[in-house]
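Written out below as structure tokens is the structure these notes cover.
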Amino acid sequence: MAMKLVRALALASLGLAIGVPVSAQNKEPVTIGAIEILTGPNNKYGLAIKNGFDLALAEVNESGGVLGGRPLVIAYEDSAGSKEQAINAARQLIGAKKVPLLLGPTLSNEMFAAGPVANQRKIPIVGTSTTANGITAIGPYVFRTSLPEADVVPVTLRTAKEKFGISKVAVMYGNDDAFTKSAYDVMKAALDKLGIEILATETFGSKDTDFSPQLTKIKSLNPDAIVVSALVEAGSGILLGKKALGFPASVRVIGGNGLNAPKVAEIAGEAADGTLVGSPWFIDKADPANQKFVAAYKAKYGTNPDQFAAQAFDTLHIVAKAIDAAGETDPEKIRDALGGQRYQGVMGPFAFTPDRDPADTSGVVVLEMRNGGFQILK
Amino acid sequence: MLAQQLVNGIISGAIYALFALGFTLMFGVLRVINLTYGLYFSAGALIALLAVQRLSWPLYAAIPAAILASGTLALFLDHMLLAPLRRARAPELASLMVTLGATLVLYSLLASPLALGTEIRRFPPGVIGGAAIEFLSVRISLTQILILATTLAAVLALTGLMQNTRLGLAVRAIAENAAVAQLMGIDQARHLHFVSFLSGALAATAGILIGLNFNAIQPYMGETMMLKGFAVIILGGLGNIRGALIAGLFLGVLETLTAGYIASSLKDATGFVLLVLTLWWRPTGLFGRATEGRA
């Protein structure tokens with residue numbers, strides 16, 4: 001009897017002795033890095049992204065973490081919007097924290113600085129908000145999940161063509177700004193591809209306030225719509241000028257990402273009504289995944305999510321799946337697994353192209369300005 | 001289309017002319033290039049906007065208040081920056097440098113996040129009626145008619161003041177020869193203060209009207225306007241009031257026609273081409289003579 005008890009105790013302790021280290025190894029957290037603007041003037045982008053990551057991170061860890069039960073952890077570093085600080089953050093996360101993957105940075109400019117560092121050390125880096133041309137050309141370890149303008153604009157124009165029978169347009173763009181100029185190039189290519197006739201191409205300066213000569217000329221050509229590549233200020237001025245010259249209400253302004261801002265309605269008021277823009281995500285998208293995300297975000301942070309939070313939310317889920325698929329925390333294996341991920345998220349269906357850009361534009365929503373706010377075009 | 005483009009051009013030209021009136025006055029009488037002039041244009045629009053937005057003043061109270069405040073600002077800055085230089089008989093370059101520095105400082109102050117920031121502001125919707133008159137397919141809004149009327153009234157009033165009053169005579173005497181005017185018992189400092197105030201008030205009027213018309217008000221709006229102002233006063237002759245009106249309208253129409261019929265990318269170039277051509281062929285301005293006609 002006593003002997004039996006001793007044997008049972010010995011077995012149990014043996015079991016403990018063997019079991020404890022094994023399970024401890026399984027539960028060791030997997031730490032990945034994130035570089036975002038957490039302080040300084042542009043920190044609203046970085047903080048929205050961090051919120052999106054953290055919300056998805058909680059979901060991942062509630063459903064068992066990654067690699068068979070290991071919790072996923074994000075080590076954040078602040079770039080403060082500076083390229084130098086983004087580089088330092090990448091070096092520190094890779095060198096000291098030994099992260100197998102990096103998220104961020106927030107701005108395209110920072111990615112052009114920090115991306116090469118990660119690429120050189122062969123650590124995959126995934127931008128969630130970097131839309132400039134040439135991001136993924138940095139190298140084979142650089143990914144992005146945000147749709148570049150070149151993917152969004154054609155969807156907007158195609159929708160406008162199908163919905164409103166637009167066949168001839170006038171184009172206006174700011175010719176002294178790299179962003180509006182490159183969006184114009186995208187618009188021109190998309191219009192040519194869709195077979196929409198360009199009646200006139202007019203330019204303006206980003207500080208101009210008087211657009212009446214250009215608009216008077218455009219009005220005399222009777223276009224179906226005006227395609228505008230402008231930042232908020234000039235774009236709003238064009239909308240006000242268009243109203244002042246008494247354009248027919250059917251002539252809409254179709255904008256690029258520069259006009260996808262609530263500020264347009266603030267400046268141009270009811271002159272902005274009818275403006276069409278494309279957006280990779282919109283808060284009122286009706287699908288259940290998006291509704292659930294919006295509700296969870298509001299519950300956790302008390303504010304509405306924006307596009308940056310939505311992109312970050314999806315990205316973290318994609319990254320967690322890739323780590324699972326890799327089977328271990330080896331950067332090389334995670335990189336290979338990332339390329340093959342398919343994901344149905346709040347942004348819509350997601351996959352990477354062979355060049356590590358987002359492949360699917362079916363999640364793009366076309367928005368229409370109505371009564372001072374954007375709504376999904378019905 | 002031509003008729004509408006001409007209307008567009010005349011309206012933008014009237015704003016250039018109104019802006020240039022004060023500039024040419026300042027230049028003609030004080031004989032210095034005062035680069036702070038564009039600031040009064042911004043200040044006028046911003047003060048009127050803040051009075052309407054923050055204090056809920058009606059437009060008819062906000063506009064005179066903004067004009068008075070900007071005029072006073074111009075007087076104050078002239079007193080602080082340029083009066084000491086005049087007393088010291090500093091060369092013209094000194095006043096150019098001083099006002100350049102002051103302009104940079106004041107614009108940054110105005111645009112700093114603590115003050116107003118660089119974002120574009122607008123008058124609340126409903127403050128200005130969007131009403132427009134349509135006549136044979138030409139549209140002209142009530143704000144635009146107001147701009148035209150104000151410019152013409154300002155030119156007439158200023159010409160009348162300069163030609164028919166003792167004050168105008170004194171100012172013209174100072175412009176002609178400051179030392180002799182002083183010997184004749186004209187209080188130079190007082191008259192120069194008056195000219196500074198008047199110039200600032202004119203710039204502010206132009207700023208308010210352009211703010212009402214395009215509904216885009218931001219601290220640096222005066223900086224862009226200064227470039228046009230230079231073209232207009234050189235074209236019209238320094239210190240020449242009638243010249244400023246004609247040159248302003250001419251520049252506005254020419255810019256509009258260039259954008260409408262040639263290429264919109266050349267619009268801003270027209271002013272500078274005119275400026276260079278004028279300096280080349282008639283350095284005293286199209287309407288100016290070498291020594292006469294100042295102020």
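Each chain in the structure tokens gets a letter, A, B and so on, in the order shown; residues start at 1 in every chain, and ligands are counted from 1 in the order they appear.
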
Within 9 Å of chain B, which residues of chain A show up? Give each one with its shortest atom-to-atom distance in Å (one decimal) and the two atoms involved, counting only C-alpha atoms, rows by chain then rising residue number, as JSON lines.
```
{"residue": "A:Asn175", "atom": "CA", "partner": "B:Ser265", "partner_atom": "CA", "distance": 7.9}
{"residue": "A:Thr201", "atom": "CA", "partner": "B:Ser264", "partner_atom": "CA", "distance": 8.8}
{"residue": "A:Glu202", "atom": "CA", "partner": "B:Ser264", "partner_atom": "CA", "distance": 5.7}
{"residue": "A:Thr203", "atom": "CA", "partner": "B:Ser265", "partner_atom": "CA", "distance": 5.5}
{"residue": "A:Phe204", "atom": "CA", "partner": "B:Ser265", "partner_atom": "CA", "distance": 6.5}
{"residue": "A:Gly205", "atom": "CA", "partner": "B:Ser265", "partner_atom": "CA", "distance": 8.3}
{"residue": "A:Lys207", "atom": "CA", "partner": "B:Thr224", "partner_atom": "CA", "distance": 8.0}
{"residue": "A:Asp208", "atom": "CA", "partner": "B:Thr224", "partner_atom": "CA", "distance": 8.7}
{"residue": "A:Thr209", "atom": "CA", "partner": "B:Phe214", "partner_atom": "CA", "distance": 6.2}
{"residue": "A:Asp210", "atom": "CA", "partner": "B:Phe214", "partner_atom": "CA", "distance": 6.8}
{"residue": "A:Ser212", "atom": "CA", "partner": "B:Asn8", "partner_atom": "CA", "distance": 6.4}
{"residue": "A:Pro213", "atom": "CA", "partner": "B:Thr256", "partner_atom": "CA", "distance": 5.3}
{"residue": "A:Gln214", "atom": "CA", "partner": "B:Gly260", "partner_atom": "CA", "distance": 5.9}
{"residue": "A:Leu215", "atom": "CA", "partner": "B:Gly260", "partner_atom": "CA", "distance": 8.6}
{"residue": "A:Thr216", "atom": "CA", "partner": "B:Gln5", "partner_atom": "CA", "distance": 6.7}
{"residue": "A:Lys217", "atom": "CA", "partner": "B:Gly260", "partner_atom": "CA", "distance": 5.6}
{"residue": "A:Ile218", "atom": "CA", "partner": "B:Gly260", "partner_atom": "CA", "distance": 8.9}
{"residue": "A:Lys219", "atom": "CA", "partner": "B:Met1", "partner_atom": "CA", "distance": 8.5}
{"residue": "A:Ser220", "atom": "CA", "partner": "B:Met1", "partner_atom": "CA", "distance": 6.3}
{"residue": "A:Glu233", "atom": "CA", "partner": "B:Ile120", "partner_atom": "CA", "distance": 6.6}
{"residue": "A:Ser236", "atom": "CA", "partner": "B:Ala216", "partner_atom": "CA", "distance": 8.8}
{"residue": "A:Gly237", "atom": "CA", "partner": "B:Phe214", "partner_atom": "CA", "distance": 6.9}
{"residue": "A:Leu240", "atom": "CA", "partner": "B:Phe214", "partner_atom": "CA", "distance": 7.4}
{"residue": "A:Gly241", "atom": "CA", "partner": "B:Phe214", "partner_atom": "CA", "distance": 7.6}
{"residue": "A:Ala244", "atom": "CA", "partner": "B:Ser141", "partner_atom": "CA", "distance": 7.4}
{"residue": "A:Leu245", "atom": "CA", "partner": "B:Arg139", "partner_atom": "CA", "distance": 6.3}
{"residue": "A:Gly246", "atom": "CA", "partner": "B:Arg139", "partner_atom": "CA", "distance": 7.6}
{"residue": "A:Glu266", "atom": "CA", "partner": "B:Arg122", "partner_atom": "CA", "distance": 8.5}
{"residue": "A:Ile267", "atom": "CA", "partner": "B:Arg122", "partner_atom": "CA", "distance": 6.1}
{"residue": "A:Ala268", "atom": "CA", "partner": "B:Asn215", "partner_atom": "CA", "distance": 8.3}
{"residue": "A:Gly269", "atom": "CA", "partner": "B:Pro125", "partner_atom": "CA", "distance": 7.0}
{"residue": "A:Glu270", "atom": "CA", "partner": "B:Pro125", "partner_atom": "CA", "distance": 9.0}
```

Keeping only C-alpha atoms, write the selected residues to a file as a compact mmCIF listing (two decimals), in the first residue's frame.
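Generated file (result-v4.txt):
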```
# COMPACT_ATOMS: atom_id res chain seq x y z
CA ASN A 175 0.86 69.68 -61.89
CA THR A 201 -6.74 68.00 -69.84
CA GLU A 202 -6.36 71.07 -67.65
CA THR A 203 -3.76 71.74 -64.98
CA PHE A 204 -3.60 73.98 -61.95
CA GLY A 205 -1.24 74.78 -59.10
CA LYS A 207 -2.16 76.78 -54.19
CA ASP A 208 -4.57 78.11 -56.84
CA THR A 209 -7.97 79.34 -55.75
CA ASP A 210 -9.43 80.48 -59.06
CA SER A 212 -12.90 79.50 -63.46
CA PRO A 213 -10.87 79.72 -66.72
CA GLN A 214 -10.34 75.96 -66.79
CA LEU A 215 -13.90 75.20 -65.72
CA THR A 216 -15.43 77.61 -68.23
CA LYS A 217 -13.50 75.87 -70.99
CA ILE A 218 -14.56 72.46 -69.67
CA LYS A 219 -18.19 73.55 -69.46
CA SER A 220 -18.20 74.57 -73.11
CA GLU A 233 -7.86 72.31 -50.86
CA SER A 236 -12.75 71.76 -52.93
CA GLY A 237 -12.02 74.95 -54.86
CA LEU A 240 -17.03 75.44 -55.55
CA GLY A 241 -16.03 76.88 -58.91
CA ALA A 244 -20.54 78.91 -59.28
CA LEU A 245 -20.38 78.42 -63.06
CA GLY A 246 -23.68 76.56 -63.01
CA GLU A 266 -16.42 70.90 -44.85
CA ILE A 267 -14.89 73.33 -47.35
CA ALA A 268 -17.12 72.91 -50.39
CA GLY A 269 -20.41 72.26 -48.59
CA GLU A 270 -23.25 71.22 -50.85
```

Taking the DSSP assignment computed from this structure's backbone, write out as a PyMOL selection string all residues of region 142-253 of chain A that belong to strand (DSSP E or B).
chain A and resi 142-144+168-174+197-204+225-229+252-253

Would you export the selected residues with N, CA and C atoms as a CSV table (one decimal), in the first residue's frame, please?
```csv
chain,number,residue,atom,x,y,z
A,142,VAL,N,9.9,42.6,-48.8
A,142,VAL,CA,9.0,43.8,-48.5
A,142,VAL,C,7.7,43.5,-49.1
A,143,PHE,N,6.7,43.5,-48.2
A,143,PHE,CA,5.3,43.2,-48.6
A,143,PHE,C,4.4,44.4,-48.3
A,144,ARG,N,3.3,44.5,-48.9
A,144,ARG,CA,2.3,45.5,-48.4
A,144,ARG,C,0.9,45.0,-48.6
A,168,LYS,N,-17.4,60.5,-72.0
A,168,LYS,CA,-16.5,61.6,-72.3
A,168,LYS,C,-16.3,62.5,-71.1
A,169,VAL,N,-15.0,62.7,-70.8
A,169,VAL,CA,-14.7,63.5,-69.5
A,169,VAL,C,-13.7,64.5,-69.8
A,170,ALA,N,-13.6,65.5,-68.9
A,170,ALA,CA,-12.5,66.4,-68.8
A,170,ALA,C,-11.6,66.0,-67.6
A,171,VAL,N,-10.3,66.2,-67.7
A,171,VAL,CA,-9.4,65.8,-66.6
A,171,VAL,C,-8.8,67.1,-66.1
A,172,MET,N,-8.7,67.2,-64.8
A,172,MET,CA,-8.0,68.3,-64.2
A,172,MET,C,-7.0,67.8,-63.2
A,173,TYR,N,-5.8,68.2,-63.2
A,173,TYR,CA,-4.8,67.8,-62.1
A,173,TYR,C,-3.9,68.8,-61.7
A,174,GLY,N,-3.4,68.7,-60.5
A,174,GLY,CA,-2.4,69.6,-60.0
A,174,GLY,C,-1.0,69.2,-60.5
A,197,GLU,N,-13.4,58.9,-73.5
A,197,GLU,CA,-12.8,59.9,-74.3
A,197,GLU,C,-12.4,61.1,-73.4
A,198,ILE,N,-11.2,61.6,-73.5
A,198,ILE,CA,-10.7,62.7,-72.7
A,198,ILE,C,-10.9,64.0,-73.6
A,199,LEU,N,-11.8,64.9,-73.3
A,199,LEU,CA,-12.1,66.0,-74.1
A,199,LEU,C,-11.0,67.1,-73.9
A,200,ALA,N,-10.5,67.2,-72.7
A,200,ALA,CA,-9.5,68.2,-72.4
A,200,ALA,C,-8.8,67.8,-71.1
A,201,THR,N,-7.5,68.2,-71.1
A,201,THR,CA,-6.7,68.0,-69.8
A,201,THR,C,-6.3,69.4,-69.4
A,202,GLU,N,-6.7,69.8,-68.2
A,202,GLU,CA,-6.4,71.1,-67.7
A,202,GLU,C,-5.5,70.9,-66.4
A,203,THR,N,-4.6,71.8,-66.2
A,203,THR,CA,-3.8,71.7,-65.0
A,203,THR,C,-4.0,73.0,-64.1
A,204,PHE,N,-3.5,72.9,-62.9
A,204,PHE,CA,-3.6,74.0,-62.0
A,204,PHE,C,-2.5,73.8,-60.9
A,225,ALA,N,-18.5,64.0,-67.1
A,225,ALA,CA,-18.0,64.1,-65.7
A,225,ALA,C,-16.6,64.8,-65.8
A,226,ILE,N,-16.1,65.3,-64.6
A,226,ILE,CA,-14.8,65.9,-64.6
A,226,ILE,C,-14.0,65.0,-63.6
A,227,VAL,N,-12.9,64.4,-64.2
A,227,VAL,CA,-12.0,63.6,-63.4
A,227,VAL,C,-10.9,64.5,-62.8
A,228,VAL,N,-10.8,64.5,-61.4
A,228,VAL,CA,-9.9,65.5,-60.8
A,228,VAL,C,-8.9,64.8,-59.9
A,229,SER,N,-7.6,65.1,-60.1
A,229,SER,CA,-6.6,64.6,-59.2
A,229,SER,C,-6.1,65.8,-58.5
A,252,ARG,N,-20.6,65.1,-62.6
A,252,ARG,CA,-20.0,64.8,-61.3
A,252,ARG,C,-18.5,65.0,-61.4
A,253,VAL,N,-17.9,65.2,-60.2
A,253,VAL,CA,-16.5,65.2,-60.1
A,253,VAL,C,-16.1,63.8,-59.6
```

Spatial neighbours of region 91-100 of chain A, 12 Å, only C-alpha atoms, chain gap at least 4 places, as a PyMOL selection string
chain A and resi 29-35+72-79+84-87+113-126+141+319+322-323+326+328-335

Please write the residues from the selection above to a file, keeping C-alpha atoms, as a tab-separated table (two decimals), in the first residue's frame.
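Saved to selection16.tsv:
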```tsv
chain	number	residue	atom	x	y	z
A	29	PRO	CA	5.39	33.83	-26.82
A	30	VAL	CA	6.17	34.61	-30.44
A	31	THR	CA	7.23	38.26	-30.66
A	32	ILE	CA	6.97	40.21	-33.88
A	33	GLY	CA	7.94	43.88	-34.31
A	34	ALA	CA	5.92	46.89	-35.39
A	35	ILE	CA	7.24	50.35	-36.31
A	72	LEU	CA	1.56	36.23	-30.27
A	73	VAL	CA	3.13	39.46	-28.98
A	74	ILE	CA	3.83	42.72	-30.80
A	75	ALA	CA	6.87	44.78	-29.77
A	76	TYR	CA	6.14	48.38	-30.82
A	77	GLU	CA	8.73	50.96	-31.71
A	78	ASP	CA	7.91	54.61	-32.36
A	79	SER	CA	9.19	56.10	-35.62
A	84	GLU	CA	16.14	57.90	-39.28
A	85	GLN	CA	14.10	56.78	-36.32
A	86	ALA	CA	12.34	54.18	-38.48
A	87	ILE	CA	15.73	52.75	-39.49
A	113	ALA	CA	14.23	54.00	-45.35
A	114	ALA	CA	13.47	51.00	-43.10
A	115	GLY	CA	12.46	48.53	-45.82
A	116	PRO	CA	16.01	48.12	-47.17
A	117	VAL	CA	17.30	47.40	-43.63
A	118	ALA	CA	14.83	44.55	-43.13
A	119	ASN	CA	15.36	43.30	-46.65
A	120	GLN	CA	19.13	43.18	-46.17
A	121	ARG	CA	18.78	41.19	-42.92
A	122	LYS	CA	16.28	38.90	-44.69
A	123	ILE	CA	13.43	39.73	-42.30
A	124	PRO	CA	10.00	40.05	-43.93
A	125	ILE	CA	8.45	43.53	-43.47
A	126	VAL	CA	4.76	44.16	-44.12
A	141	TYR	CA	11.24	40.63	-48.19
A	319	VAL	CA	0.53	37.52	-40.61
A	322	ALA	CA	1.41	32.91	-42.23
A	323	ILE	CA	3.35	32.17	-39.02
A	326	ALA	CA	5.40	28.42	-41.66
A	328	GLU	CA	8.16	27.82	-36.90
A	329	THR	CA	9.52	31.32	-36.30
A	330	ASP	CA	12.05	31.15	-39.08
A	331	PRO	CA	11.92	34.46	-41.07
A	332	GLU	CA	12.63	32.71	-44.35
A	333	LYS	CA	9.77	30.24	-43.86
A	334	ILE	CA	7.38	33.00	-42.74
A	335	ARG	CA	8.26	34.99	-45.85
```

I'd like the neighbourhood of region 165-181 of chain B as a ChimeraX atom specification, where a residue qualifies if any of its atoms comes within 8 Å (using only C-alpha atoms), though same-chain residues fewer than 6 positions away should be ignored.
/B:28-31,188,191-192,195,294-295

Apply DSSP to the structure's backbone, then extract all residues of region 34-71 of chain B labelled alpha helix (DSSP H) and return them as an mmCIF file with C-alpha atoms, in the first residue's frame.
```cif
data_model
loop_
_atom_site.group_PDB
_atom_site.id
_atom_site.type_symbol
_atom_site.label_atom_id
_atom_site.label_comp_id
_atom_site.auth_asym_id
_atom_site.auth_seq_id
_atom_site.Cartn_x
_atom_site.Cartn_y
_atom_site.Cartn_z
ATOM 1 C CA TYR B 37 2.108 94.074 -47.816
ATOM 2 C CA GLY B 38 0.839 90.588 -48.723
ATOM 3 C CA LEU B 39 0.372 89.892 -45.042
ATOM 4 C CA TYR B 40 -2.402 92.504 -44.750
ATOM 5 C CA PHE B 41 -4.232 90.698 -47.526
ATOM 6 C CA SER B 42 -4.145 87.452 -45.494
ATOM 7 C CA ALA B 43 -4.830 89.280 -42.249
ATOM 8 C CA GLY B 44 -7.931 91.021 -43.618
ATOM 9 C CA ALA B 45 -9.481 87.765 -44.771
ATOM 10 C CA LEU B 46 -8.547 85.893 -41.586
ATOM 11 C CA ILE B 47 -9.781 88.593 -39.211
ATOM 12 C CA ALA B 48 -13.099 88.860 -41.044
ATOM 13 C CA LEU B 49 -13.401 85.073 -40.998
ATOM 14 C CA LEU B 50 -12.659 84.796 -37.280
ATOM 15 C CA ALA B 51 -15.094 87.595 -36.466
ATOM 16 C CA VAL B 52 -17.827 85.772 -38.356
ATOM 17 C CA GLN B 53 -16.920 82.299 -37.100
ATOM 18 C CA LEU B 59 -20.625 90.191 -42.367
ATOM 19 C CA TYR B 60 -21.391 93.918 -42.555
ATOM 20 C CA ALA B 61 -19.738 94.413 -39.151
ATOM 21 C CA ALA B 62 -16.898 91.945 -39.639
ATOM 22 C CA ILE B 63 -15.678 93.480 -42.899
ATOM 23 C CA PRO B 64 -15.103 97.060 -41.670
ATOM 24 C CA ALA B 65 -13.583 95.729 -38.451
ATOM 25 C CA ALA B 66 -11.141 93.561 -40.399
ATOM 26 C CA ILE B 67 -10.233 96.443 -42.703
ATOM 27 C CA LEU B 68 -9.586 98.772 -39.757
ATOM 28 C CA ALA B 69 -7.589 96.126 -37.889
ATOM 29 C CA SER B 70 -5.410 95.332 -40.893
ATOM 30 C CA GLY B 71 -4.843 99.013 -41.600
#
```

When you draw a straight line from CA of Pro91 (chain B) to CA of Leu35 (chain B), how long is it in Å?
15.7 Å

Please provide as an mmCIF file with N, CA and C atoms, in the first residue's frame all residues within 9 Å of Ile246 (chain B), with the sequence filter that same-chain residues fewer than 5 positions apart are discarded (counting only C-alpha atoms).
```
data_model
loop_
_atom_site.group_PDB
_atom_site.id
_atom_site.type_symbol
_atom_site.label_atom_id
_atom_site.label_comp_id
_atom_site.auth_asym_id
_atom_site.auth_seq_id
_atom_site.Cartn_x
_atom_site.Cartn_y
_atom_site.Cartn_z
ATOM 1 N N GLY B 13 -9.002 90.082 -62.486
ATOM 2 C CA GLY B 13 -8.224 91.291 -62.695
ATOM 3 C C GLY B 13 -8.590 92.391 -61.715
ATOM 4 N N ALA B 17 -6.139 94.325 -59.233
ATOM 5 C CA ALA B 17 -6.050 95.778 -59.223
ATOM 6 C C ALA B 17 -6.263 96.324 -57.818
ATOM 7 N N VAL B 232 1.658 93.608 -61.513
ATOM 8 C CA VAL B 232 0.699 94.670 -61.798
ATOM 9 C C VAL B 232 1.320 96.045 -61.597
ATOM 10 N N GLY B 236 1.834 98.709 -64.479
ATOM 11 C CA GLY B 236 1.047 99.942 -64.423
ATOM 12 C C GLY B 236 1.870 101.171 -64.101
ATOM 13 N N ILE B 241 -2.022 105.075 -59.831
ATOM 14 C CA ILE B 241 -3.277 104.452 -59.409
ATOM 15 C C ILE B 241 -4.076 103.945 -60.599
ATOM 16 N N LEU B 251 -3.940 92.010 -66.740
ATOM 17 C CA LEU B 251 -3.312 90.750 -66.333
ATOM 18 C C LEU B 251 -4.368 89.667 -66.115
ATOM 19 N N PHE B 287 2.058 102.725 -68.269
ATOM 20 C CA PHE B 287 1.300 103.955 -68.100
ATOM 21 C C PHE B 287 2.073 104.986 -67.298
#
```
